[in-house]
Every structure is written in C-alpha cells, then in structure tokens.
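Each remark here refers to the structure printed beneath this line.
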Amino acid sequence: MNKIFNLFNLSQKIDYKTEVLSGLTVALALVPEAVAFALIAGLSPLTGLYAAFVMGLVTSILGGRPGMISGATGAVAIVLVTLAKSHGVEYIFAAVVLAGIIQISAGFLKLGKLMRLVPHPVIFGFVNGLAIIIFTSQLSQFKDATGSWLTGMPLYIILGLVLVTMLIIWGLPKLTKAIPSSLVAILVVFGLVVIFNIDTRTVGDIASIKGGFPPFHFPKVPFNIESILIIAPYAGIMAAVGLIESLLTLNIIDEITETRGRGNKEAVAQGTANILSGLFSGMGGCAMIGQSLINISSGARARVSGIVAAVMLLVFIMFGSGLIEKMPMAALTGVMIMVAIGTFEWASLKTFNRMPKSDIFVMVLVTLVTVFLHNLALAVIVGIVIAALVFAWDNATRIRVKSHLHDDGAKHYEILGPLFFASVTKFNEKFDVLNDPDIIILDFADSRIADMSAIEAVNKLTERYLKVGKKIEMQHLSSDCIKLLQNAEEIIKVNILEDPKYKVAANKMA
C-alpha cells in the first residue's frame with residue numbers, strides 16, 4: 001500500500017486545486033505544439049495528439065520526476081521526417097516501439113547516471129538554445145498563409161493580444177498565486193476575442209483536433225530482419241535524443257524545485273510510454289521543457305498535474321474539439337514567449353568575463369548547434385566531447401617532474417599530475433636517460449597511471465634505460481594503478497626490475 005501511495009505522491013501533502021489548474025493550462029498549451037510537431041514529421045495531427053496523451057499519462061504515473069510533462073516533441077519529429085516520407089506511418093509506429101525498448105534497456109542498465117558527464121556549460125548552452133528555439137518558433141504566428149510578415153491591423157491585433165497575455169502572466173502572480181497566471185491569460189484573451197468578435201488566427205486554423213480514443217493496433221510492417229534494419233537507425237537516434245532531452249529537463253526541474261528526480265526510473269517510464277504510444281497510433285516523444293516549465297511555474301509539484309493534463313487533452317480530442325479549435329493562437333503564443341523568457345539562463349550572460357574561455361566557447365557552441373541544427377542530442381554530444389578534450393589538454397599541460405639525487409647515488413623523479421594519453425609526450429621529455437645514474441626511482445605518490453597510453457609510456461621509458469644498462473624502480477603506486485599494471489602484463493611487458501609484483505617499494509631516501 002505504501003508503494004501505491006508513493007507512486008502517486010499521496011503520502012505527501014498535495015494542493016489539488018493548483019495541480020488540476022496547472023494540468024488544464026498545460027493541456028491547452030499541448031494542443032498546438034502536438035499538432036505542429038506532427039505536421040513537421042509529415043503525419044496526421046491526431047498522431048501527435050495521441051502521442052501527447054499517452055506519453056503524458058504514462059510518464060506522469062511511472063516517471064522519475066513528478067511535475068515533468070512529456071509529449072510529442074520537435075526533436076523527435078525531426079528524426080522521423082525521412083522515415084515518414086520513405087516508408088509511411090506504420091514504420092513510424094514500429095520505430096517508436098523499438099525506441100521505447102532501447103530506452104527501457106538503458107534504464108535497467110542504469111545509464112541515466114551518465115548525465116553526470118554533462119558539464120554545466122553544456123547545460124547552459126542546451127537551455128539557452130532551447131529557449132531561443134521556443135521563441136523563434138512562435139514567430140510563425142506573425143506571418144500569413146504565404147509566409148509573409150503580417151502588416152496593418154492583423155499585425156496590431158495579434159501583437160496586442162500577445163502583449164495582453166504576457167502582461168497578465170507577468171503581473172498576476174504579484175497580486176495572487178491562487179490561480180495559474182497562464183490559465184487566466186488564456187481565458188481572458190479567449191474572452192476578449194469572443195466578446196468583441198476579433199478576427200484572429202485560432203487553433204482550428206492549423207488543423208482539426210477532433211478524434212476518438214487512440215486506436216490500439218500492432219504496427220503493420222513485415223516482422224523480419226529487413227524491417228528491423230530499416231527502423232533501427234531511426235529508433236536508436238530517437239531513443240538517444242529522447243533520453244538526453246528528458247534527463248536534461250529532469251535536471252533543470254530538479255534545480256528549480258530543489259528536489260531530486262530519478263533518471264533511470266524516468267528512462268524506463270519514457271521507454272514504456274513510447275512503446276504504448278507506438279501501439280496506440282502515436283508518433284512517440286519525450287519530456288517537453290516548455291510545458292514542464294509552465295507546469296512548475298504554475299505551482300505543480302506532484303504527478304496529479306501531468307495526469308490531469310493528459311486526460312484533459314483526450315477530453316479535448318473526443319468531446320471539446322469544437323471549443324478548443326476556437327482558442328486564439330495569440331494567447332498560446334504569449335504563453336510560450338513567456339516560457340522562452342523564463343527558460344533562458346540570463347545568469348549565463350554574466351559569466352562571459354568571469355569563467356574560463358573554454359567553458360564560454362562550449363556554452364556558445366552548444367547554443368548555436370541547438371538553434372541552427374535543431375538537433376539537441378548532437379548539440380549535447382558535441383559539447384561533452386569538446387569539454388572533455390579541453391579537460392584532457394589542461395591536465396596534459398599540468399604534469400610536472402621534480403628530481404633530486406639520493407645519498408646512495410640513485411636519482412629520484414617525483415611525478416606530479418596524472419599520467420594518461422594526453423600527458424605522455426610531456427612525461428617522456430622530462431628524463432635525461434644518457435646522463436642519469438644507474439638507478440632511477442619513479443615516485444607516483446602525487447600521480448597515477450590512468451590508461452593504456454600511460455602504461456606504454458612507462459614501458460618505453462624502462463626500455464630506454466635498459467638499453468644503456470640502467471634500471472627503474474617504481475614507488476607509491478595506488479592499488480588501482482597496481483591492478484592496471486598487473487592486467488597489462490597479459491598484453492605488454494612492463495619492465496620494472498626491482499618491484500616485479502608491483503608492490504610499493506621501500507623508501508630508499510635516507
């Protein structure tokens with residue numbers, strides 16, 4: 001029973017009014033997003049709406065981050081465009097199911113902890129890029145059907161309605177937080193449009209959202225190796241993109257709420273949701289940072305809001321499509337612009353003159369890749385790779401060697417800094433093989449042998465000294481270094497004459 005209570009956060013005090021109103025706000029914001037992303041992928045609007053319902057419901061119940069919203073996303077839509085054009089919607093459903101299986105496997109293998117490898121500049125760049133994408137995606141509402149910018153009265157009308165929406169969202173919390181300001185803004189603008197019969201674009205102008213309960217069916221694709229080879233690349237990329245975006249969103253919500261979500265549990269929930277999405281005629285998806293921030297900023301902290309959002313979205317599809325299709329896009333545009341403003345890490349701009357130039361470069365690069373390529377997974381991977389290379393370079397330049405002679409004539413080399421692939425060149429330059437005495441001591445008290453390149457560097461150094469009749473002893477090796485060297489004996493010969501078992505040698509200093 002306690003597990004059931006914990007599953008729905010029923011053991012904690014929940015403000016049900018806030019949760020329900022936040023969920024309703026999110027449901028209204030999900031409609032145009034789901035429709036737009038489905039159209040981007042070349043699919044029916046209902047495919048995106050069904051995905052938003054299934055993803056939102058399953059992840060809200062099973063996910064590792066209460067309050068986070070999942071649904072159909074642009075990142076996933078972009079991955080599926082080519083497959084939709086070449087093989088059709090049934091292959092999309094099959095790819096979504098396979099992506100879900102991959103994500104569940106990642107969760108059970110506890111790969112969620114790999115998010116620890118994402119540096120803070122990468123997260124800043126990802127968030128800022130996403131904020132810019134959210135903002136720029138709203139600019140299409142200021143264009144007509146031909147793609148030209150609106151002018152005259154149509155422009156003034158949508159600008160006015162958007163500004164009213166933004167003003168309410170900004171100002172209402174200063175007066176009261178009893179009702180989510182985004183919901184009030186949407187309802188006020190909706191009322192203004194209806195009462196004054198204002199001619200402006202509505203949700204129904206994008207596409208019809210009328211439909212029934214998501215139909216269950218197995219994807220109608222041949223169950224053979226050829227089909228798997230067709231969908232596997234798309235499923236793999238979709239799984240990676242979905243997990244990266246979901247786990248980064250989880251980390252962002254963690255920071256805002258000062259709580260901690262469970263990454264591996266979220267990966268399993270995302271995978272389960274994608275499998276069911278593919279079986280219930282949805283295009284799949286992942287966590288949505290915009291809608292998640294709407295939910296959190298409205299005061300939601302439990303699973304109830306996400307469940308309400310998903311259920312209300314289905315209600316809109318089945319029973320309220322006529323009303324929702326009259327919703328002015330200006331109201332939803334204003335909400336999303338405020339989300340973009342709230343998402344952008346303005347504090348990151350203050351770091352330009354205070355943080356290392358390499359971190360600034362990584363942050364800006366990730367932002368640019370996110371904005372211009374709309375590939376969130378690639379942006380994060382590029383950022384991690386560059387940050388890792390910068391880290392390796394910095395540590396490679398920090399290796400130092402101090403030397404002094406013992407009373408017995410042996411020369412003592414004290415290694416300072418990690419010995420690994422990037423630092424071996426500098427390491428090799430620190431020794432005077434021809435002029436050194438017959439006995440050399442390498443002291444690793446303030447260093448460690450980190451990888452195969454380091455082992456090979458030590459091996460080559462001992463060979464260089466052996467050629468001129470001299471020998472090396474190694475001191476103060478840590479237990480992990482000793483194990484690494486012992487394992488390496490199977491592959492290469494590590495020439496350490498005085499310490500064949502790689503135990504710490506006795507200190508020869510007087």
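The chains in the structure tokens are called A, B, ... from first to last as shown; in each chain the residues are counted from 1, and the ligands are counted from 1 in the order shown.
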Open item on the list: Please return, as a PyMOL selection string, all residues of segment 305-453 of chain A that DSSP assigns to strand (DSSP E) on the basis of the backbone.
Closed with: chain A and resi 400-405+411-416+439-446
**OP:** Write down as a ChimeraX atom specification the residues belonging to segment 299-505 of chain A that are assigned helix (DSSP H, G or I) by DSSP computed on the backbone.
**Re:** /A:304-318,321-324,329-343,346-351,357-373,376-396,424-428,452-467,479-488
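With only C-alpha atoms as the atoms that count, the residue of A:Arg65, A:His412, A:Lys471, A:Lys220 with the shortest distance to Leu442 of chain A is A:His412.
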Would you give me, as CSV, each residue of segment 49-146 of chain A having an atom within 10 Å of an atom of segment 27-39 of chain A, along with its shortest atom pair and that distance in Å to one decimal, using only C-alpha atoms and sorting by chain and residue number?
residue,atom,partner,partner_atom,distance
A:Leu49,CA,A:Ala34,CA,5.4
A:Tyr50,CA,A:Ala34,CA,8.7
A:Ala51,CA,A:Ala34,CA,8.0
A:Ala52,CA,A:Ala34,CA,6.5
A:Phe53,CA,A:Ala27,CA,9.3
A:Gly56,CA,A:Ala27,CA,9.8
A:Ile69,CA,A:Leu30,CA,9.7
A:Ser70,CA,A:Leu30,CA,9.7
A:Gly71,CA,A:Ala34,CA,7.4
A:Ala72,CA,A:Ala34,CA,5.5
A:Thr73,CA,A:Phe37,CA,6.2
A:Gly74,CA,A:Phe37,CA,5.4
A:Ala75,CA,A:Phe37,CA,8.8
A:Val76,CA,A:Phe37,CA,8.6
A:Ala77,CA,A:Phe37,CA,5.9
A:Ile78,CA,A:Phe37,CA,8.5
A:Leu80,CA,A:Ala38,CA,9.9
A:Val81,CA,A:Ala38,CA,9.6
Would you pick out the contacts of segment 407-410 of chain A at 7 Å or less, using only C-alpha atoms, so that residues sharing its chain but fewer than 2 positions from it are not included, and give the list as a short mmCIF file (atom, residue, chain, number, x, y, z; two decimals) with N, CA and C atoms, in the first residue's frame?
data_model
loop_
_atom_site.label_atom_id
_atom_site.label_comp_id
_atom_site.auth_asym_id
_atom_site.auth_seq_id
_atom_site.Cartn_x
_atom_site.Cartn_y
_atom_site.Cartn_z
N LEU A 405 68.96 13.84 -6.28
CA LEU A 405 69.83 12.67 -6.10
C LEU A 405 69.80 12.20 -4.65
N HIS A 412 65.99 10.35 -7.99
CA HIS A 412 64.58 10.25 -7.62
C HIS A 412 63.76 11.22 -8.46
N PRO A 437 72.07 8.49 -13.41
CA PRO A 437 72.83 7.39 -12.78
C PRO A 437 72.22 6.03 -13.10
N ILE A 439 70.63 3.85 -11.25
CA ILE A 439 69.34 3.51 -10.61
C ILE A 439 68.42 4.73 -10.64
N ILE A 440 67.21 4.51 -11.16
CA ILE A 440 66.21 5.58 -11.27
C ILE A 440 64.98 5.17 -10.46
#
For segment 104-120 of chain A, list every protein, DNA or RNA residue within 7 Å, evaluated using only C-alpha atoms, and leave out those in the same chain fewer than 6 positions away; present the list as a PyMOL selection string. chain A and resi 263-265+267-268+271-272+384
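When only C-alpha atoms are used to measure the gap to Gly261 of chain A, the shortest distance among A:Thr397, A:Lys174, A:Arg464, A:Met68 belongs to A:Met68.
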* Extract, using only C-alpha atoms, all DNA, RNA and protein residues at most 12 Å from segment 170-173 of chain A, discarding same-chain residues fewer than 3 positions from it, and format them as a PyMOL selection string. => chain A and resi 163-167+176-185+297-299+334-335+337-339+341-342
